[in-house]
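Visitor: My questions will all concern the structure given below.
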Amino acid sequence: MKWALLVTVAVLALVASVAVGPAAVPLGELLRSDIVWNLRAPRTLLAFLVGGSLGIAGAGLQALVRNPLADPFLLGLSGGAGLGAVLAIALHLSGPWALPLAAFAGALAALALVYRLGLIGGAALDPRILLLGGVAIGAFAAAITTAIVSLADASELRNAFLWLWGGLSSASWDAVLVIVLYAPIPIAVLLAASRPLDLLALGEEPARYLGADVDAVKRRVYLAASLLTAAAVAVSGVIGFVGLVVPHLARLTWGHRHRALLPAAFVGGGALLAIADTLARTVVAPRELPVGVVTALIGVPVFTLLLRRWTIA
Amino acid sequence: MNNMTEPLLRLNAVRYRYPGASSDALAGVSLSVGPGDFHAVIGPNGSGKTTLVRVALGALAPLAGSADIDGRPASRWPRQALARLVGVVPQREDNLFPQRVRETVLLGRYAHLSLWGRERPEDHAAVMRALTACDAQHLVERWVWTLSGGEYQRVRVARALAQGPRLLVLDEPAVSLDLQHEMGLFELIRGLVDTQGLGVLMITHDLNLAARFADSLLLLEGGRPIASGPPADVLTQQTVETVFSWPVRMETVDGRPQMIPLRQPKESRA
């Protein structure tokens, strides 16, 4: 029942996202319209894939760092990706893939640094250090980013600023194809870790005694969730709150068993971002809001309601 | 491997020292637990009891000596295979997310599930069997956070039993339980040993309960074995007074030694 509802919402979100836009396309011509095929369809699909990736990565990371407030971007990836993207803008790197690749490289650099910090106490990844290291690396990267932006000229500044708040306006079938080929592996790794993640909620020692290979699971989940987030941020910029709010909404409905929770967070995240992107490009048409603004405007009120529930329960 | 004469757990002259520590946490400790054995490890705080459990379960590898489970070095067991043989009730655990009793006991079945397979009817049956064995079947739909301390310990023992183990390891299971629940828990464990042939290794600071229920005791002090064997051989007045630095009087209840701590005369108090 709840699955049927979620899938229905997701399908409606995708259909609405394709059907609605600044340019009026008559319903009867939707399937024949160039605007739909070349602009809206890839953008809708990309929004769904990016939102889904952020949702499932957030759910996995919350279980890994044993902190319900974890967000895929809390681990320093957004800072690294932002620095990469702003460098690409400041250095006038051209070509359709320059910006995504630079952002991806920045995210990977941050990922490697935070991962190395997480191993600081020995061979086993320490989730507390991951969190603290992520915040520190993120802040450091953001400082350098701001330094570069402050020296840039006005148009570069605007581009960089918009990128940092996320957007899907550069969506293309190529980008969709890249994500479709890239995402299944980290997603499969996360799904395969469902049971050990359930055990990890009891703590590392109890999880080990119940049969989880804890150290390997922590490494796999961190790398899979981070690589997924790095790809998402490369094609769409920093889109906040999807990876934080969606797993919590999914937990309310699906409980805490990751076998059901992780797929629900993927579909829910995809639906939410498809809806948010539709709003981002229609409410101030013909101009566009960065989609991160919309997710924050939706996400923050929802999140405060969740916090209320959290403190009552 | 399933040779009946092979003990489930065998520690032989184990020595362990934590990295950077100036003395051994365990020095020459030996121990053997077979099916139907209830073995208790006692000793003052910091005597190495928890380190012994970690070595026994393969979480730490001994620097000298050996720690074998079912004839195989404990630290070489894959965790999932080990979880099907040994159920553990650790001293502490958290519940990051709210859970019902049924769900938390079902976690004990994870070692029996394949990577993508879902829980089978036999897993749910094992959960109910384990809860019934712990007299906790009526709690199955309760939220874990609504349980009393005694109920929660029963549920945690049930989760370890749901693993279908031949050896059960408990680390201070009766801490902070009142008399009724403390005695109830020890009766439960003793019953599992007698009726199901389970081997039990229990860490406890409660000398009297250990002497009352266990078949054999191992007394540790500063990582060294002071005495081991049947309770009557281990818990003598002289041994207890030496190890715990407190005067006691010994009595015998049900043929088991019980110690009663004495008040110290005023002039000898520190």
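Every chain in the structure tokens has a letter given in the order shown (A, B, ...), and although residue numbers restart at 1 in each chain, ligands are simply numbered from 1 in the order shown.
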Taking only C-alpha atoms into account, find every residue of chain B that has an atom no more than 6 Å from chain A, and write it out as a compact mmCIF listing (two decimals) with all heavy atoms, in the first residue's frame.
Guide:
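Written output follows (out02.txt):
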```txt
# COMPACT_ATOMS: atom_id res chain seq x y z
N ARG B 79 33.02 -13.50 10.79
CA ARG B 79 32.06 -13.08 11.83
C ARG B 79 30.71 -13.77 11.67
O ARG B 79 30.06 -14.12 12.64
CB ARG B 79 31.86 -11.56 11.82
CG ARG B 79 33.01 -10.67 12.13
CD ARG B 79 33.81 -10.89 13.37
NE ARG B 79 33.17 -11.35 14.58
CZ ARG B 79 33.81 -11.49 15.73
NH1 ARG B 79 35.09 -11.18 15.81
NH2 ARG B 79 33.20 -11.93 16.78
N GLN B 80 30.27 -13.93 10.43
CA GLN B 80 28.92 -14.49 10.24
C GLN B 80 28.86 -15.96 10.68
O GLN B 80 27.91 -16.37 11.35
CB GLN B 80 28.49 -14.35 8.77
CG GLN B 80 27.01 -14.61 8.60
CD GLN B 80 26.52 -14.32 7.19
OE1 GLN B 80 27.31 -13.97 6.31
NE2 GLN B 80 25.24 -14.46 6.97
N ALA B 83 28.90 -16.11 14.42
CA ALA B 83 27.63 -15.70 15.04
C ALA B 83 26.60 -16.83 15.03
O ALA B 83 25.63 -16.79 15.77
CB ALA B 83 27.07 -14.47 14.33
N GLU B 93 24.76 -1.77 24.82
CA GLU B 93 24.36 -1.56 23.43
C GLU B 93 23.47 -0.32 23.40
O GLU B 93 22.97 0.14 24.42
CB GLU B 93 23.60 -2.76 22.88
CG GLU B 93 22.21 -2.92 23.47
CD GLU B 93 21.45 -4.08 22.84
OE1 GLU B 93 22.06 -5.12 22.61
OE2 GLU B 93 20.24 -3.93 22.60
N ASP B 94 23.33 0.26 22.21
CA ASP B 94 22.45 1.42 22.06
C ASP B 94 21.32 1.02 21.14
O ASP B 94 21.42 0.05 20.41
CB ASP B 94 23.17 2.60 21.39
CG ASP B 94 24.52 2.84 21.99
OD1 ASP B 94 24.59 2.88 23.23
OD2 ASP B 94 25.49 2.98 21.23
N ASN B 95 20.26 1.79 21.17
CA ASN B 95 19.27 1.67 20.13
C ASN B 95 19.16 3.01 19.45
O ASN B 95 18.54 3.93 19.97
CB ASN B 95 17.92 1.23 20.69
CG ASN B 95 17.78 -0.27 20.63
OD1 ASN B 95 17.71 -0.82 19.54
ND2 ASN B 95 17.79 -0.91 21.77
N LEU B 96 19.83 3.12 18.29
CA LEU B 96 19.86 4.39 17.59
C LEU B 96 18.45 4.78 17.13
O LEU B 96 18.07 5.93 17.16
CB LEU B 96 20.80 4.26 16.39
CG LEU B 96 21.12 5.50 15.62
CD1 LEU B 96 21.76 6.54 16.53
CD2 LEU B 96 22.07 5.17 14.47
N ALA B 111 22.65 -13.74 10.92
CA ALA B 111 23.78 -14.59 10.54
C ALA B 111 23.32 -15.80 9.74
O ALA B 111 24.13 -16.48 9.12
CB ALA B 111 24.53 -15.02 11.80
```
Visitor: Run DSSP on the backbone of this structure and report the residues of stretch 51-259 of chain B it assigns to alpha helix (DSSP H), as a ChimeraX atom specification.
Guide: /B:51-56,79-85,101-106,121-133,149-162,179-196,207-213,231-234,237-244
Visitor: Once you have the residues from the selection above, write them out as a PDB file, in the first residue's frame, restricted to C-alpha atoms.
Guide:
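Generated file (out.pdb):
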```pdb
ATOM      1  CA  THR B  51      39.676  -8.404  27.863  1.00  0.00           C
ATOM      2  CA  LEU B  52      39.292 -12.149  28.316  1.00  0.00           C
ATOM      3  CA  VAL B  53      35.921 -12.053  26.547  1.00  0.00           C
ATOM      4  CA  ARG B  54      37.367 -10.016  23.686  1.00  0.00           C
ATOM      5  CA  VAL B  55      40.218 -12.481  23.224  1.00  0.00           C
ATOM      6  CA  ALA B  56      37.869 -15.448  23.547  1.00  0.00           C
ATOM      7  CA  ARG B  79      32.063 -13.084  11.826  1.00  0.00           C
ATOM      8  CA  GLN B  80      28.921 -14.490  10.237  1.00  0.00           C
ATOM      9  CA  ALA B  81      29.919 -18.135  10.749  1.00  0.00           C
ATOM     10  CA  LEU B  82      30.981 -17.372  14.316  1.00  0.00           C
ATOM     11  CA  ALA B  83      27.634 -15.703  15.036  1.00  0.00           C
ATOM     12  CA  ARG B  84      25.876 -18.972  14.181  1.00  0.00           C
ATOM     13  CA  LEU B  85      27.934 -20.791  16.809  1.00  0.00           C
ATOM     14  CA  VAL B 101      11.042  -6.559  20.546  1.00  0.00           C
ATOM     15  CA  ARG B 102      10.255  -8.781  17.548  1.00  0.00           C
ATOM     16  CA  GLU B 103      12.540  -6.716  15.300  1.00  0.00           C
ATOM     17  CA  THR B 104      15.428  -6.605  17.727  1.00  0.00           C
ATOM     18  CA  VAL B 105      15.326 -10.375  18.344  1.00  0.00           C
ATOM     19  CA  LEU B 106      15.122 -10.926  14.589  1.00  0.00           C
ATOM     20  CA  PRO B 121       9.117 -18.689   8.399  1.00  0.00           C
ATOM     21  CA  GLU B 122      11.776 -20.674  10.264  1.00  0.00           C
ATOM     22  CA  ASP B 123      13.474 -17.414  11.280  1.00  0.00           C
ATOM     23  CA  HIS B 124      10.263 -16.046  12.773  1.00  0.00           C
ATOM     24  CA  ALA B 125       9.714 -19.417  14.464  1.00  0.00           C
ATOM     25  CA  ALA B 126      13.230 -19.229  15.938  1.00  0.00           C
ATOM     26  CA  VAL B 127      12.477 -15.738  17.274  1.00  0.00           C
ATOM     27  CA  MET B 128       9.354 -16.971  19.049  1.00  0.00           C
ATOM     28  CA  ARG B 129      11.140 -20.065  20.376  1.00  0.00           C
ATOM     29  CA  ALA B 130      13.929 -17.903  21.797  1.00  0.00           C
ATOM     30  CA  LEU B 131      11.481 -15.459  23.393  1.00  0.00           C
ATOM     31  CA  THR B 132       9.501 -18.347  24.893  1.00  0.00           C
ATOM     32  CA  ALA B 133      12.677 -19.929  26.292  1.00  0.00           C
ATOM     33  CA  GLY B 149      15.761  -3.399  32.858  1.00  0.00           C
ATOM     34  CA  GLY B 150      14.944  -7.034  33.653  1.00  0.00           C
ATOM     35  CA  GLU B 151      12.675  -7.453  30.623  1.00  0.00           C
ATOM     36  CA  TYR B 152      15.294  -5.896  28.362  1.00  0.00           C
ATOM     37  CA  GLN B 153      17.980  -8.311  29.541  1.00  0.00           C
ATOM     38  CA  ARG B 154      15.645 -11.249  28.844  1.00  0.00           C
ATOM     39  CA  VAL B 155      15.029  -9.911  25.349  1.00  0.00           C
ATOM     40  CA  ARG B 156      18.768  -9.553  24.756  1.00  0.00           C
ATOM     41  CA  VAL B 157      19.367 -13.124  25.911  1.00  0.00           C
ATOM     42  CA  ALA B 158      16.551 -14.180  23.566  1.00  0.00           C
ATOM     43  CA  ARG B 159      18.279 -12.372  20.678  1.00  0.00           C
ATOM     44  CA  ALA B 160      21.504 -14.278  21.404  1.00  0.00           C
ATOM     45  CA  LEU B 161      19.512 -17.543  21.578  1.00  0.00           C
ATOM     46  CA  ALA B 162      17.833 -16.756  18.251  1.00  0.00           C
ATOM     47  CA  LEU B 179      16.747  -9.202  43.275  1.00  0.00           C
ATOM     48  CA  GLN B 180      13.832 -10.806  41.473  1.00  0.00           C
ATOM     49  CA  HIS B 181      15.175 -10.122  37.995  1.00  0.00           C
ATOM     50  CA  GLU B 182      18.736 -10.953  38.948  1.00  0.00           C
ATOM     51  CA  MET B 183      17.767 -14.364  40.321  1.00  0.00           C
ATOM     52  CA  GLY B 184      15.318 -14.858  37.450  1.00  0.00           C
ATOM     53  CA  LEU B 185      18.063 -14.218  34.895  1.00  0.00           C
ATOM     54  CA  PHE B 186      20.501 -16.644  36.540  1.00  0.00           C
ATOM     55  CA  GLU B 187      17.797 -19.313  36.818  1.00  0.00           C
ATOM     56  CA  LEU B 188      17.061 -18.778  33.123  1.00  0.00           C
ATOM     57  CA  ILE B 189      20.712 -19.201  32.121  1.00  0.00           C
ATOM     58  CA  ARG B 190      21.133 -22.270  34.343  1.00  0.00           C
ATOM     59  CA  GLY B 191      17.984 -23.760  32.801  1.00  0.00           C
ATOM     60  CA  LEU B 192      19.315 -23.231  29.267  1.00  0.00           C
ATOM     61  CA  VAL B 193      22.539 -24.995  30.212  1.00  0.00           C
ATOM     62  CA  ASP B 194      20.677 -27.944  31.754  1.00  0.00           C
ATOM     63  CA  THR B 195      17.892 -28.372  29.206  1.00  0.00           C
ATOM     64  CA  GLN B 196      19.559 -27.339  25.942  1.00  0.00           C
ATOM     65  CA  LEU B 207      30.728 -13.755  43.578  1.00  0.00           C
ATOM     66  CA  ASN B 208      27.717 -15.218  45.352  1.00  0.00           C
ATOM     67  CA  LEU B 209      25.567 -15.612  42.261  1.00  0.00           C
ATOM     68  CA  ALA B 210      28.497 -17.041  40.319  1.00  0.00           C
ATOM     69  CA  ALA B 211      29.199 -19.561  43.103  1.00  0.00           C
ATOM     70  CA  ARG B 212      25.505 -20.437  43.355  1.00  0.00           C
ATOM     71  CA  PHE B 213      24.842 -21.125  39.672  1.00  0.00           C
ATOM     72  CA  PRO B 231      33.121 -22.903  43.387  1.00  0.00           C
ATOM     73  CA  ALA B 232      33.992 -24.547  46.701  1.00  0.00           C
ATOM     74  CA  ASP B 233      37.660 -24.738  45.694  1.00  0.00           C
ATOM     75  CA  VAL B 234      37.881 -21.177  44.386  1.00  0.00           C
ATOM     76  CA  GLN B 237      37.854 -17.091  52.804  1.00  0.00           C
ATOM     77  CA  GLN B 238      41.574 -16.623  52.375  1.00  0.00           C
ATOM     78  CA  THR B 239      41.412 -16.213  48.581  1.00  0.00           C
ATOM     79  CA  VAL B 240      38.519 -13.762  48.670  1.00  0.00           C
ATOM     80  CA  GLU B 241      40.074 -11.640  51.423  1.00  0.00           C
ATOM     81  CA  THR B 242      43.417 -11.532  49.608  1.00  0.00           C
ATOM     82  CA  VAL B 243      42.046 -10.669  46.194  1.00  0.00           C
ATOM     83  CA  PHE B 244      39.373  -8.183  47.264  1.00  0.00           C
TER      84      PHE B 244
END
```
Visitor: For the atom pair atom CA of A:Asn38 and atom CA of A:Ala103, what is the interatomic distance in Å to one decimal place?
Guide: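 About the pair atom CA of A:Asn38 and atom CA of A:Ala103: they are 24.3 Å apart.
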